[in-house]
Structure formats: structure tokens, C-alpha cells
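Coordinates as given in target-v4.pdb (PDB, C-alpha atoms, pLDDT in the B column):
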MODEL        1
ATOM      1  CA  MET L   1     -12.271  -6.471  -0.492  1.00 84.00           C
ATOM      2  CA  MET L   2     -11.479  -5.911  -4.164  1.00 87.00           C
ATOM      3  CA  GLY L   3      -8.030  -4.751  -5.256  1.00 84.00           C
ATOM      4  CA  ALA L   4      -9.254  -1.334  -6.375  1.00 88.00           C
ATOM      5  CA  SER L   5     -11.010  -0.889  -3.028  1.00 92.00           C
ATOM      6  CA  HIS L   6      -7.812  -1.653  -1.137  1.00 93.00           C
ATOM      7  CA  ALA L   7      -5.871   0.791  -3.322  1.00 92.00           C
ATOM      8  CA  ALA L   8      -8.460   3.507  -2.698  1.00 94.00           C
ATOM      9  CA  THR L   9      -8.383   3.037   1.073  1.00 96.00           C
ATOM     10  CA  GLY L  10      -4.584   3.141   1.003  1.00 96.00           C
ATOM     11  CA  ALA L  11      -4.497   6.400  -0.943  1.00 94.00           C
ATOM     12  CA  ALA L  12      -7.201   7.945   1.242  1.00 96.00           C
ATOM     13  CA  GLY L  13      -5.415   6.844   4.400  1.00 96.00           C
ATOM     14  CA  TRP L  14      -2.212   8.598   3.334  1.00 95.00           C
ATOM     15  CA  LEU L  15      -4.081  11.773   2.376  1.00 96.00           C
ATOM     16  CA  VAL L  16      -5.772  11.843   5.784  1.00 96.00           C
ATOM     17  CA  LEU L  17      -2.462  11.178   7.560  1.00 94.00           C
ATOM     18  CA  THR L  18      -0.584  13.939   5.719  1.00 91.00           C
ATOM     19  CA  GLY L  19      -3.577  16.257   5.537  1.00 91.00           C
ATOM     20  CA  PRO L  20      -6.003  16.683   8.466  1.00 91.00           C
ATOM     21  CA  LEU L  21      -3.998  14.624  10.978  1.00 92.00           C
ATOM     22  CA  ALA L  22      -0.734  16.345  10.064  1.00 89.00           C
ATOM     23  CA  GLN L  23      -2.379  19.743  10.446  1.00 88.00           C
ATOM     24  CA  VAL L  24      -3.662  18.824  13.910  1.00 90.00           C
ATOM     25  CA  ALA L  25      -0.094  17.876  14.849  1.00 87.00           C
ATOM     26  CA  GLY L  26       1.215  21.150  13.421  1.00 86.00           C
ATOM     27  CA  ILE L  27       3.029  19.446  10.521  1.00 81.00           C
ATOM     28  CA  HIS L  28       2.893  20.709   6.951  1.00 80.00           C
ATOM     29  CA  ALA L  29       3.186  18.159   4.135  1.00 80.00           C
ATOM     30  CA  ASP L  30       3.963  19.536   0.682  1.00 82.00           C
ATOM     31  CA  PRO L  31       1.627  18.600  -2.193  1.00 84.00           C
ATOM     32  CA  GLN L  32       4.273  16.432  -3.863  1.00 79.00           C
ATOM     33  CA  LEU L  33       4.757  14.342  -0.726  1.00 81.00           C
ATOM     34  CA  GLN L  34       1.006  13.907  -0.373  1.00 87.00           C
ATOM     35  CA  ILE L  35       0.558  12.854  -4.001  1.00 85.00           C
ATOM     36  CA  ILE L  36       3.587  10.561  -4.194  1.00 82.00           C
ATOM     37  CA  GLY L  37       2.760   9.013  -0.828  1.00 86.00           C
ATOM     38  CA  ALA L  38      -0.851   8.450  -1.871  1.00 90.00           C
ATOM     39  CA  LEU L  39       0.371   6.454  -4.886  1.00 88.00           C
ATOM     40  CA  THR L  40       2.874   4.350  -2.924  1.00 90.00           C
ATOM     41  CA  THR L  41       0.363   3.681  -0.129  1.00 94.00           C
ATOM     42  CA  ALA L  42      -2.263   2.670  -2.693  1.00 93.00           C
ATOM     43  CA  GLY L  43       0.223   0.090  -3.930  1.00 92.00           C
ATOM     44  CA  ALA L  44       1.229  -0.958  -0.413  1.00 95.00           C
ATOM     45  CA  ALA L  45      -2.440  -1.592   0.371  1.00 95.00           C
ATOM     46  CA  LEU L  46      -2.279  -4.595  -1.974  1.00 93.00           C
ATOM     47  CA  ILE L  47       0.847  -6.191  -0.500  1.00 94.00           C
ATOM     48  CA  SER L  48      -1.139  -8.544   1.726  1.00 94.00           C
ATOM     49  CA  ASP L  49      -2.689 -10.181  -1.349  1.00 92.00           C
ATOM     50  CA  TRP L  50       0.770 -11.140  -2.606  1.00 90.00           C
ATOM     51  CA  ASP L  51      -0.062 -14.586  -1.276  1.00 90.00           C
ATOM     52  CA  HIS L  52      -2.449 -15.203  -4.183  1.00 86.00           C
ATOM     53  CA  PRO L  53      -1.128 -16.060  -7.678  1.00 83.00           C
ATOM     54  CA  SER L  54      -4.063 -14.310  -9.383  1.00 81.00           C
ATOM     55  CA  ALA L  55      -3.859 -11.072  -7.409  1.00 84.00           C
ATOM     56  CA  THR L  56      -3.031  -7.782  -9.138  1.00 79.00           C
ATOM     57  CA  ILE L  57       0.205  -7.446  -7.195  1.00 85.00           C
ATOM     58  CA  ALA L  58       1.370 -10.889  -8.324  1.00 83.00           C
ATOM     59  CA  HIS L  59       1.196  -9.705 -11.941  1.00 78.00           C
ATOM     60  CA  SER L  60       2.529  -6.203 -11.345  1.00 77.00           C
ATOM     61  CA  LEU L  61       6.063  -6.721 -12.659  1.00 77.00           C
ATOM     62  CA  PRO L  62       6.129 -10.165 -14.278  1.00 78.00           C
ATOM     63  CA  PRO L  63       7.836 -12.555 -14.039  1.00 82.00           C
ATOM     64  CA  VAL L  64       9.624 -11.311 -10.894  1.00 83.00           C
ATOM     65  CA  SER L  65       6.445 -10.496  -8.952  1.00 84.00           C
ATOM     66  CA  ASN L  66       4.920 -13.887  -9.878  1.00 86.00           C
ATOM     67  CA  LEU L  67       7.901 -15.782  -8.495  1.00 90.00           C
ATOM     68  CA  ILE L  68       7.851 -13.767  -5.292  1.00 90.00           C
ATOM     69  CA  ALA L  69       4.116 -14.440  -4.947  1.00 90.00           C
ATOM     70  CA  ALA L  70       4.755 -18.188  -5.033  1.00 90.00           C
ATOM     71  CA  GLY L  71       7.346 -17.851  -2.277  1.00 92.00           C
ATOM     72  CA  ILE L  72       5.141 -15.662  -0.095  1.00 92.00           C
ATOM     73  CA  ARG L  73       2.205 -18.041  -0.523  1.00 91.00           C
ATOM     74  CA  LEU L  74       4.380 -20.922   0.675  1.00 91.00           C
ATOM     75  CA  ILE L  75       5.699 -19.043   3.696  1.00 92.00           C
ATOM     76  CA  ALA L  76       2.329 -17.537   4.632  1.00 90.00           C
ATOM     77  CA  GLY L  77       0.463 -20.832   4.374  1.00 88.00           C
ATOM     78  CA  GLY L  78      -1.937 -19.841   1.607  1.00 87.00           C
ATOM     79  CA  HIS L  79      -4.299 -16.968   0.900  1.00 87.00           C
ATOM     80  CA  ARG L  80      -5.481 -14.759   3.764  1.00 91.00           C
ATOM     81  CA  GLN L  81      -3.181 -16.406   6.247  1.00 93.00           C
ATOM     82  CA  GLY L  82       0.158 -14.970   7.335  1.00 94.00           C
ATOM     83  CA  THR L  83       0.034 -11.865   5.154  1.00 95.00           C
ATOM     84  CA  HIS L  84      -3.160 -10.761   6.877  1.00 96.00           C
ATOM     85  CA  SER L  85      -1.768 -10.648  10.405  1.00 97.00           C
ATOM     86  CA  ILE L  86      -0.109  -8.245  12.816  1.00 97.00           C
ATOM     87  CA  LEU L  87       3.141 -10.088  12.128  1.00 97.00           C
ATOM     88  CA  ALA L  88       2.810  -9.203   8.436  1.00 96.00           C
ATOM     89  CA  VAL L  89       2.526  -5.482   9.228  1.00 97.00           C
ATOM     90  CA  ILE L  90       5.714  -5.671  11.275  1.00 97.00           C
ATOM     91  CA  ALA L  91       7.562  -7.789   8.704  1.00 96.00           C
ATOM     92  CA  PHE L  92       6.716  -5.745   5.595  1.00 96.00           C
ATOM     93  CA  THR L  93       7.354  -2.437   7.375  1.00 96.00           C
ATOM     94  CA  ALA L  94      10.700  -3.693   8.675  1.00 96.00           C
ATOM     95  CA  LEU L  95      11.631  -4.915   5.197  1.00 94.00           C
ATOM     96  CA  ALA L  96      10.823  -1.508   3.704  1.00 93.00           C
ATOM     97  CA  ALA L  97      12.847   0.209   6.449  1.00 93.00           C
ATOM     98  CA  ALA L  98      15.802  -2.068   5.745  1.00 92.00           C
ATOM     99  CA  LEU L  99      15.704  -1.633   1.953  1.00 89.00           C
ATOM    100  CA  THR L 100      15.061   2.124   1.801  1.00 87.00           C
ATOM    101  CA  PRO L 101      18.563   3.300   2.891  1.00 86.00           C
ATOM    102  CA  ILE L 102      20.423   0.996   0.454  1.00 86.00           C
ATOM    103  CA  ARG L 103      22.446   2.911  -2.102  1.00 83.00           C
ATOM    104  CA  ILE L 104      25.249   2.362  -4.562  1.00 84.00           C
ATOM    105  CA  THR L 105      27.914   4.724  -5.900  1.00 84.00           C
ATOM    106  CA  LEU L 106      28.800   4.775  -9.586  1.00 83.00           C
ATOM    107  CA  ALA L 107      31.263   7.225 -11.095  1.00 81.00           C
ATOM    108  CA  GLY L 108      31.109   9.342  -7.974  1.00 81.00           C
ATOM    109  CA  GLN L 109      27.301   9.577  -8.045  1.00 79.00           C
ATOM    110  CA  SER L 110      25.218   8.040  -5.241  1.00 78.00           C
ATOM    111  CA  TYR L 111      21.994   6.257  -6.185  1.00 81.00           C
ATOM    112  CA  ALA L 112      19.312   5.296  -3.654  1.00 80.00           C
ATOM    113  CA  ILE L 113      18.431   1.991  -5.305  1.00 84.00           C
ATOM    114  CA  GLY L 114      16.528   0.730  -2.274  1.00 85.00           C
ATOM    115  CA  GLN L 115      13.876   3.416  -2.306  1.00 84.00           C
ATOM    116  CA  GLY L 116      13.922   3.369  -6.107  1.00 84.00           C
ATOM    117  CA  ILE L 117      12.956  -0.295  -6.206  1.00 86.00           C
ATOM    118  CA  ILE L 118      10.246   0.102  -3.553  1.00 88.00           C
ATOM    119  CA  ALA L 119       8.712   3.207  -5.139  1.00 84.00           C
ATOM    120  CA  ALA L 120       8.773   1.640  -8.623  1.00 84.00           C
ATOM    121  CA  PHE L 121       7.040  -1.483  -7.403  1.00 86.00           C
ATOM    122  CA  LEU L 122       4.366   0.211  -5.302  1.00 89.00           C
ATOM    123  CA  VAL L 123       3.423   2.817  -7.911  1.00 86.00           C
ATOM    124  CA  THR L 124       3.182   0.109 -10.593  1.00 86.00           C
ATOM    125  CA  VAL L 125       0.890  -1.972  -8.374  1.00 85.00           C
ATOM    126  CA  ALA L 126      -1.294   1.074  -7.717  1.00 85.00           C
ATOM    127  CA  ALA L 127      -1.434   1.922 -11.432  1.00 84.00           C
ATOM    128  CA  LYS L 128      -2.652  -1.582 -12.269  1.00 81.00           C
ATOM    129  CA  ALA L 129      -5.159  -1.760  -9.417  1.00 81.00           C
ATOM    130  CA  LEU L 130      -6.650   1.604 -10.370  1.00 79.00           C
ATOM    131  CA  ARG L 131      -6.684   0.658 -14.087  1.00 76.00           C
ATOM    132  CA  ILE L 132      -4.299   3.474 -15.016  1.00 78.00           C
ATOM    133  CA  ILE L 133      -2.353   0.906 -17.031  1.00 75.00           C
ATOM    134  CA  PRO L 134      -3.547  -2.485 -18.362  1.00 70.00           C
ATOM    135  CA  THR L 135      -3.829  -5.167 -15.697  1.00 66.00           C
ATOM    136  CA  SER L 136      -2.336  -7.735 -18.078  1.00 66.00           C
ATOM    137  CA  GLY L 137       0.957  -7.568 -19.929  1.00 64.00           C
ATOM    138  CA  TYR L 138       4.260  -6.236 -18.754  1.00 70.00           C
ATOM    139  CA  ILE L 139       5.551  -3.570 -21.152  1.00 75.00           C
ATOM    140  CA  SER L 140       3.602  -0.649 -19.654  1.00 77.00           C
ATOM    141  CA  ALA L 141       4.198  -1.989 -16.142  1.00 74.00           C
ATOM    142  CA  TRP L 142       7.968  -2.129 -16.555  1.00 75.00           C
ATOM    143  CA  ALA L 143       7.976   1.230 -18.340  1.00 80.00           C
ATOM    144  CA  ILE L 144       6.253   3.064 -15.483  1.00 80.00           C
ATOM    145  CA  GLY L 145       8.201   1.065 -12.912  1.00 78.00           C
ATOM    146  CA  LEU L 146      11.592   1.906 -14.397  1.00 80.00           C
ATOM    147  CA  GLY L 147      10.599   5.544 -14.802  1.00 80.00           C
ATOM    148  CA  VAL L 148       9.418   5.976 -11.225  1.00 77.00           C
ATOM    149  CA  GLY L 149      12.350   3.955  -9.934  1.00 78.00           C
ATOM    150  CA  ALA L 150      14.857   6.132 -11.756  1.00 78.00           C
ATOM    151  CA  ILE L 151      13.311   9.308 -10.330  1.00 75.00           C
ATOM    152  CA  ALA L 152      13.176   7.926  -6.797  1.00 73.00           C
ATOM    153  CA  ALA L 153      16.718   6.535  -6.951  1.00 75.00           C
ATOM    154  CA  THR L 154      18.228   9.835  -8.080  1.00 72.00           C
ATOM    155  CA  THR L 155      16.209  12.235  -5.920  1.00 61.00           C
ATOM    156  CA  ALA L 156      17.824  11.714  -2.517  1.00 51.00           C
ATOM    157  CA  PRO L 157      18.454   8.788  -0.135  1.00 46.00           C
ATOM    158  CA  GLY L 158      16.728   7.663   3.046  1.00 50.00           C
ATOM    159  CA  ALA L 159      13.048   8.538   2.679  1.00 68.00           C
ATOM    160  CA  TRP L 160      11.578   7.992   6.139  1.00 78.00           C
ATOM    161  CA  TRP L 161       8.051   8.106   4.773  1.00 84.00           C
ATOM    162  CA  ILE L 162       8.402   4.993   2.600  1.00 89.00           C
ATOM    163  CA  PRO L 163       8.265   2.525   5.551  1.00 93.00           C
ATOM    164  CA  VAL L 164       5.379   4.587   6.956  1.00 93.00           C
ATOM    165  CA  SER L 165       3.583   4.277   3.622  1.00 92.00           C
ATOM    166  CA  VAL L 166       4.124   0.506   3.549  1.00 96.00           C
ATOM    167  CA  GLY L 167       3.044  -0.007   7.159  1.00 97.00           C
ATOM    168  CA  LEU L 168      -0.072   2.098   6.664  1.00 97.00           C
ATOM    169  CA  GLY L 169      -1.013   0.372   3.413  1.00 97.00           C
ATOM    170  CA  VAL L 170      -0.657  -3.155   4.814  1.00 97.00           C
ATOM    171  CA  SER L 171      -2.571  -2.197   7.969  1.00 97.00           C
ATOM    172  CA  LEU L 172      -5.459  -0.723   5.979  1.00 97.00           C
ATOM    173  CA  HIS L 173      -5.617  -3.820   3.779  1.00 96.00           C
ATOM    174  CA  ILE L 174      -5.968  -6.059   6.831  1.00 97.00           C
ATOM    175  CA  ILE L 175      -8.592  -3.783   8.355  1.00 96.00           C
ATOM    176  CA  GLY L 176     -10.504  -3.808   5.065  1.00 95.00           C
ATOM    177  CA  ASP L 177     -10.526  -7.594   4.830  1.00 94.00           C
ATOM    178  CA  GLY L 178     -11.521  -7.714   8.483  1.00 94.00           C
ATOM    179  CA  LEU L 179     -14.773  -6.056   7.456  1.00 94.00           C
ATOM    180  CA  THR L 180     -15.712  -9.056   5.310  1.00 92.00           C
ATOM    181  CA  LYS L 181     -17.279 -12.307   6.444  1.00 90.00           C
ATOM    182  CA  GLU L 182     -14.022 -14.203   5.780  1.00 90.00           C
ATOM    183  CA  GLY L 183     -12.182 -12.196   8.432  1.00 93.00           C
ATOM    184  CA  VAL L 184      -8.431 -12.120   9.083  1.00 96.00           C
ATOM    185  CA  PRO L 185      -6.105 -14.211  11.300  1.00 96.00           C
ATOM    186  CA  LEU L 186      -4.605 -11.267  13.195  1.00 96.00           C
ATOM    187  CA  LEU L 187      -2.634 -13.459  15.600  1.00 96.00           C
ATOM    188  CA  TRP L 188      -1.159 -15.765  12.944  1.00 96.00           C
ATOM    189  CA  PRO L 189       0.629 -18.175  13.159  1.00 94.00           C
ATOM    190  CA  ALA L 190      -1.499 -18.766  16.233  1.00 95.00           C
ATOM    191  CA  LYS L 191      -5.239 -19.032  15.660  1.00 93.00           C
ATOM    192  CA  PRO L 192      -6.623 -19.198  19.187  1.00 95.00           C
ATOM    193  CA  ALA L 193     -10.316 -19.377  19.925  1.00 94.00           C
ATOM    194  CA  PRO L 194     -11.665 -16.533  22.087  1.00 94.00           C
ATOM    195  CA  PRO L 195     -11.955 -17.182  25.825  1.00 92.00           C
ATOM    196  CA  VAL L 196     -15.559 -15.998  25.578  1.00 92.00           C
ATOM    197  CA  PRO L 197     -17.605 -16.470  22.371  1.00 89.00           C
ATOM    198  CA  ASN L 198     -18.281 -13.169  20.622  1.00 92.00           C
ATOM    199  CA  PRO L 199     -19.239 -11.969  17.104  1.00 89.00           C
ATOM    200  CA  ILE L 200     -15.863 -10.327  16.356  1.00 93.00           C
ATOM    201  CA  TRP L 201     -13.317 -12.964  17.436  1.00 95.00           C
ATOM    202  CA  GLY L 202     -14.441 -16.235  15.905  1.00 93.00           C
ATOM    203  CA  GLN L 203     -13.852 -19.798  17.051  1.00 93.00           C
ATOM    204  CA  ASP L 204     -11.656 -20.228  13.966  1.00 93.00           C
ATOM    205  CA  GLY L 205      -9.220 -17.648  15.347  1.00 94.00           C
ATOM    206  CA  ARG L 206     -10.200 -15.035  12.783  1.00 95.00           C
ATOM    207  CA  PHE L 207     -11.359 -11.524  13.506  1.00 96.00           C
ATOM    208  CA  ARG L 208     -14.233 -10.027  11.531  1.00 94.00           C
ATOM    209  CA  LEU L 209     -16.634  -7.119  11.706  1.00 92.00           C
ATOM    210  CA  MET L 210     -19.014  -7.935   8.875  1.00 87.00           C
ATOM    211  CA  ILE L 211     -19.796  -4.447   7.627  1.00 90.00           C
ATOM    212  CA  VAL L 212     -18.904  -5.246   4.016  1.00 88.00           C
ATOM    213  CA  GLY L 213     -20.122  -8.848   3.958  1.00 82.00           C
ATOM    214  CA  THR L 214     -18.783 -10.658   0.890  1.00 84.00           C
ATOM    215  CA  THR L 215     -15.991  -9.246  -1.260  1.00 79.00           C
ATOM    216  CA  GLY L 216     -17.354  -7.097  -4.092  1.00 79.00           C
ATOM    217  CA  SER L 217     -20.785  -6.728  -2.516  1.00 86.00           C
ATOM    218  CA  TRP L 218     -22.949  -3.629  -2.828  1.00 87.00           C
ATOM    219  CA  ARG L 219     -21.996  -2.768   0.728  1.00 91.00           C
ATOM    220  CA  GLU L 220     -18.336  -2.634  -0.293  1.00 92.00           C
ATOM    221  CA  TRP L 221     -19.189  -0.256  -3.117  1.00 91.00           C
ATOM    222  CA  LEU L 222     -21.267   1.817  -0.715  1.00 92.00           C
ATOM    223  CA  LEU L 223     -18.257   2.101   1.586  1.00 93.00           C
ATOM    224  CA  ILE L 224     -15.696   2.832  -1.139  1.00 93.00           C
ATOM    225  CA  THR L 225     -17.739   5.450  -3.025  1.00 94.00           C
ATOM    226  CA  PRO L 226     -17.353   8.265  -0.453  1.00 95.00           C
ATOM    227  CA  ILE L 227     -13.701   7.294   0.028  1.00 96.00           C
ATOM    228  CA  SER L 228     -13.125   7.652  -3.721  1.00 93.00           C
ATOM    229  CA  VAL L 229     -14.957  10.991  -3.748  1.00 96.00           C
ATOM    230  CA  TYR L 230     -12.707  12.183  -0.914  1.00 96.00           C
ATOM    231  CA  ILE L 231      -9.587  11.231  -2.900  1.00 95.00           C
ATOM    232  CA  LEU L 232     -10.813  13.099  -5.967  1.00 94.00           C
ATOM    233  CA  MET L 233     -11.648  16.188  -3.917  1.00 95.00           C
ATOM    234  CA  VAL L 234      -8.235  16.282  -2.247  1.00 94.00           C
ATOM    235  CA  MET L 235      -6.400  15.610  -5.509  1.00 92.00           C
ATOM    236  CA  ALA L 236      -8.381  18.428  -7.150  1.00 92.00           C
ATOM    237  CA  GLU L 237      -6.714  20.736  -4.631  1.00 91.00           C
ATOM    238  CA  LEU L 238      -3.253  19.179  -4.610  1.00 89.00           C
ATOM    239  CA  VAL L 239      -2.628  18.819  -8.352  1.00 85.00           C
ATOM    240  CA  PRO L 240      -3.206  22.507  -9.224  1.00 86.00           C
ATOM    241  CA  ALA L 241      -1.019  23.477  -6.255  1.00 81.00           C
ATOM    242  CA  LEU L 242       1.721  21.185  -7.520  1.00 73.00           C
ATOM    243  CA  ILE L 243       1.438  22.543 -11.056  1.00 78.00           C
ATOM    244  CA  GLU L 244       1.550  26.119  -9.772  1.00 74.00           C
ATOM    245  CA  THR L 245       4.654  25.624  -7.653  1.00 66.00           C
ATOM    246  CA  GLY L 246       6.285  22.980  -9.838  1.00 60.00           C
ATOM    247  CA  VAL L 247       7.949  19.785  -8.628  1.00 54.00           C
ATOM    248  CA  ASN L 248      10.294  21.376  -6.140  1.00 47.00           C
ATOM    249  CA  LEU L 249      13.150  18.896  -5.767  1.00 43.00           C
ATOM    250  CA  PRO L 250      14.833  20.874  -2.963  1.00 39.00           C
ATOM    251  CA  ALA L 251      11.533  20.724  -1.062  1.00 42.00           C
ATOM    252  CA  ILE L 252      11.229  16.999  -1.671  1.00 42.00           C
ATOM    253  CA  THR L 253      14.737  16.380  -0.351  1.00 41.00           C
ATOM    254  CA  ARG L 254      13.657  17.640   3.059  1.00 42.00           C
ATOM    255  CA  TYR L 255      11.881  14.301   3.420  1.00 42.00           C
ATOM    256  CA  PHE L 256      15.012  12.351   2.468  1.00 40.00           C
ATOM    257  CA  PRO L 257      17.545  12.896   5.274  1.00 39.00           C
ATOM    258  CA  THR L 258      21.048  11.594   4.533  1.00 38.00           C
TER     259      THR L 258
ENDMDL
END

How would this structure read if it were set down as C-alpha cells?
Amino acid sequence: MMGASHAATGAAGWLVLTGPLAQVAGIHADPQLQIIGALTTAGAALISDWDHPSATIAHSLPPVSNLIAAGIRLIAGGHRQGTHSILAVIAFTALAAALTPIRITLAGQSYAIGQGIIAAFLVTVAAKALRIIPTSGYISAWAIGLGVGAIAATTAPGAWWIPVSVGLGVSLHIIGDGLTKEGVPLLWPAKPAPPVPNPIWGQDGRFRLMIVGTTGSWREWLLITPISVYILMVMAELVPALIETGVNLPAITRYFPT
């Protein structure tokens, strides 16, 4: 799937998780958590393509993101290999969980640099994928990244929802690519053939349910259009609510246990 499509599915996934599903479970998510989480999950939904030097995420915060892309590509064995597996979901989620609690203390003030770095990166990736900022260049990317990072680092430490956002985004990316004819190697590094031939688990060890067909096809656009409409409808409700109540930092800190 295209980068913008992945970002849209990530954002929609978070809005469903913190909206209808949360309500069924009797949990209330404030508008700011839903909006911020939608942005970070939109960015996280592009993490799996960090194995490609031309991907949006590889150029999100140059030159750092480009160098990391080269390393990931080497470890993952190329494009649509290791980063499109169950192991990748576990690894990226665990990495986010390990980085989120990291903090430093300067002049008696504690700064949650771990969550600041993650939030800055993911929101910048989402902004580029959704064409909010130019896809090329680095000035606007670093500007929004540093701004978001500063806010996240000084809000409060230990956001439990950041690893959830990353895990959800990566999972939705893999599911999305699994709808294309290329499929995904879910069991990587193993690529076993199915014990019984079937249309979903291929002899090449990849899993695919060819609803979308080729990346960027009309079927992909047909799938993403209602998802995008859903995002716009939910945001049309959340943004006015956020403006009316204001960005309530004490409310936000409930999601950042120390």
C-alpha cells in the first residue's frame, strides 16, 4: 500500500481503538489523547517501510533517519522482509516500551526525552506522509519534530499509550501490505511453505489476501476513501471539543503515570 494509505489506516485504527472500542469497554479517552494518538499511530504505520531507502519514513528527519534506514534494511534482509513480520511487531513495540520511560534531570527539572524523541519522530513521519509538510527537505521536518518533541518531553513521563500506538501502527501496516499481491512474510526469518496449498499462505512463505491487488491500484483507493472519510468525521467532532475545553495538561498527565 502507499504511504498515505498506511498513515490513514493507522490514524483510523487509533480512533476506533480509543473511540467505539474504548466505549464498549467502559473507557473514556479525552479528545487530546485521541488526536495525539491518531498522529503518532499514523506515523507508526509507516515504520515497517523503514527498510526502503526511498520510503517517506527514511527521509523524515534526514540525515539521521536515512542512516537508520540503511541499518534496518541490512538487518531485515531487504524490503518487505523482516520489518513485515510478527517479529517486527514485537521488536518495534518492545523498543518503544523501552525508550518511553527514559528521562534526564537538568537543573532539578525532569525531562521525558524518550517519549519526546518517539513522539517527535512519529508525528513528523505522519506529517510528511499526509503532505502536511513537504516530503523533501529537512527544515520543516526538524522544526515540527523539535516542537512536538519539546512538548512531549516536558508534559509528563511514562506514556503507556506510546508503545500501544507503535504496536498498532506496525500491525496495521503489515495487515495492509498483506492485502496486496506481494504479501508479507509473517513468520520471518522462517519462510515455510504451507502444509496444504491454499490461496492465503503461499509456497513462498508469504501471506496474502489480494483484496487491494497491486500497490496504488484503484482498489486501494476504494478501500482508503471510506477510511479517510471516517477520520475526517471523527476529527470534525474531536477538534471543536478540544478547542472548547482547551489543551488540558492535567487531563493529559493522567495518561502519563510516573

So how many Å separate CA of Gly178 (chain L) and CA of Ala96 (chain L), to one decimal?
23.7 Å

Counting only C-alpha atoms, which residues of region 84-161 of chain L sit at most 9 Å from some atom of region 168-176 of chain L, and what is each one's closest atom pair with its distance in Å to one decimal, listed by chain and rising residue number, as CSV?
residue,atom,partner,partner_atom,distance
L:His84,CA,L:Ile174,CA,5.5
L:Ser85,CA,L:Ile174,CA,7.2
L:Ile86,CA,L:Ser171,CA,8.1
L:Ala88,CA,L:Val170,CA,7.9
L:Val89,CA,L:Val170,CA,5.9
L:Phe92,CA,L:Val170,CA,7.9
L:Thr93,CA,L:Val170,CA,8.4

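With CA of Trp14 (chain L) on one side and CA of Ser165 (chain L) on the other, the separation reads 7.2 Å.
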
Any idea what's packed within 9 Å of Pro199 (chain L), counting all atoms listed in the file, ignoring anything in its chain fewer than 4 positions away? Could you give it as a ChimeraX atom specification?
/L:207-209

Report as a ChimeraX atom specification the full result of the PyMOL selection byres ((chain L and resi 141) around 9) when it is applied to this structure.
/L:60-62,124-125,127-128,133-140,142-146

Coordinates-based distance that separates CA of Leu17 (chain L) from CA of Ala29 (chain L) (Å, one decimal)
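Answer for the CA of Ala29 (chain L) to CA of Leu17 (chain L) separation: 9.6 Å.
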
Selection under test: the PyMOL selection byres ((chain L and resi 153) around 7); residues as a list of chain:residue names
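With the shown file as input, the PyMOL selection byres ((chain L and resi 153) around 7) matches L:Tyr111, L:Ala112, L:Ile113, L:Gln115, L:Gly116, L:Gly149, L:Ala150, L:Ile151, L:Ala152, L:Thr154, L:Thr155, L:Ala156.
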
Counting all atoms listed in the file, the residue among L:Gly19, L:Pro101, L:Gly202, L:Gly167 that lies closest to Val184 (chain L) is L:Gly202

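Minimum distance to Gly71 (chain L) across L:Ala58, L:Ile132, L:Leu106, L:Ala126 (counting all atoms listed in the file) occurs at L:Ala58.
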
Name the residues in contact with Ala8 (chain L) at a cut-off of 12 Å, using only C-alpha atoms, excluding same-chain residues fewer than 6 positions from it; report them as a VMD selection string.
chain L and resid 1 to 2 14 to 15 38 to 46 126 to 127 129 to 131 169 172 to 173 176 220 to 221 223 to 232

Shell of 9 Å around Ala193 (chain L), all atoms listed in the file, local chain residues under 2 positions omitted, as a list of chain:residue names:
L:Lys191, L:Pro195, L:Val196, L:Pro197, L:Trp201, L:Gly202, L:Gln203, L:Asp204, L:Gly205, L:Arg206

Using only C-alpha atoms, pick whichever of L:Leu33, L:Ala97, L:Val164, L:Leu87 has the shortest atom-to-atom distance to Leu187 (chain L).
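Result for the nearest residue to Leu187 (chain L): L:Leu87.
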
Please define a box with edges along x, y and z of the file around all atoms of region 108-122 of chain L given in the file, extend it by 4 Å on each side, and return its centre and edge lengths in Å to one decimal, as AutoDock Vina command-line options.
--center_x 17.7 --center_y 4.0 --center_z -5.4 --size_x 34.7 --size_y 19.1 --size_z 14.3

From the list L:Gly3, L:Pro63, L:Pro240, L:Gly108, which residue is nearest Ser48 (chain L) when using all atoms listed in the file?
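When distances to Ser48 (chain L) are compared using all atoms listed in the file, the smallest one comes from L:Gly3.
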
Identify which of the residues L:His6, L:Gly26, L:Val234, L:Pro194 lies closest to Ile57 (chain L), counting all atoms listed in the file when measuring atom-to-atom distances.
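Under the stated criterion, the closest residue is L:His6.
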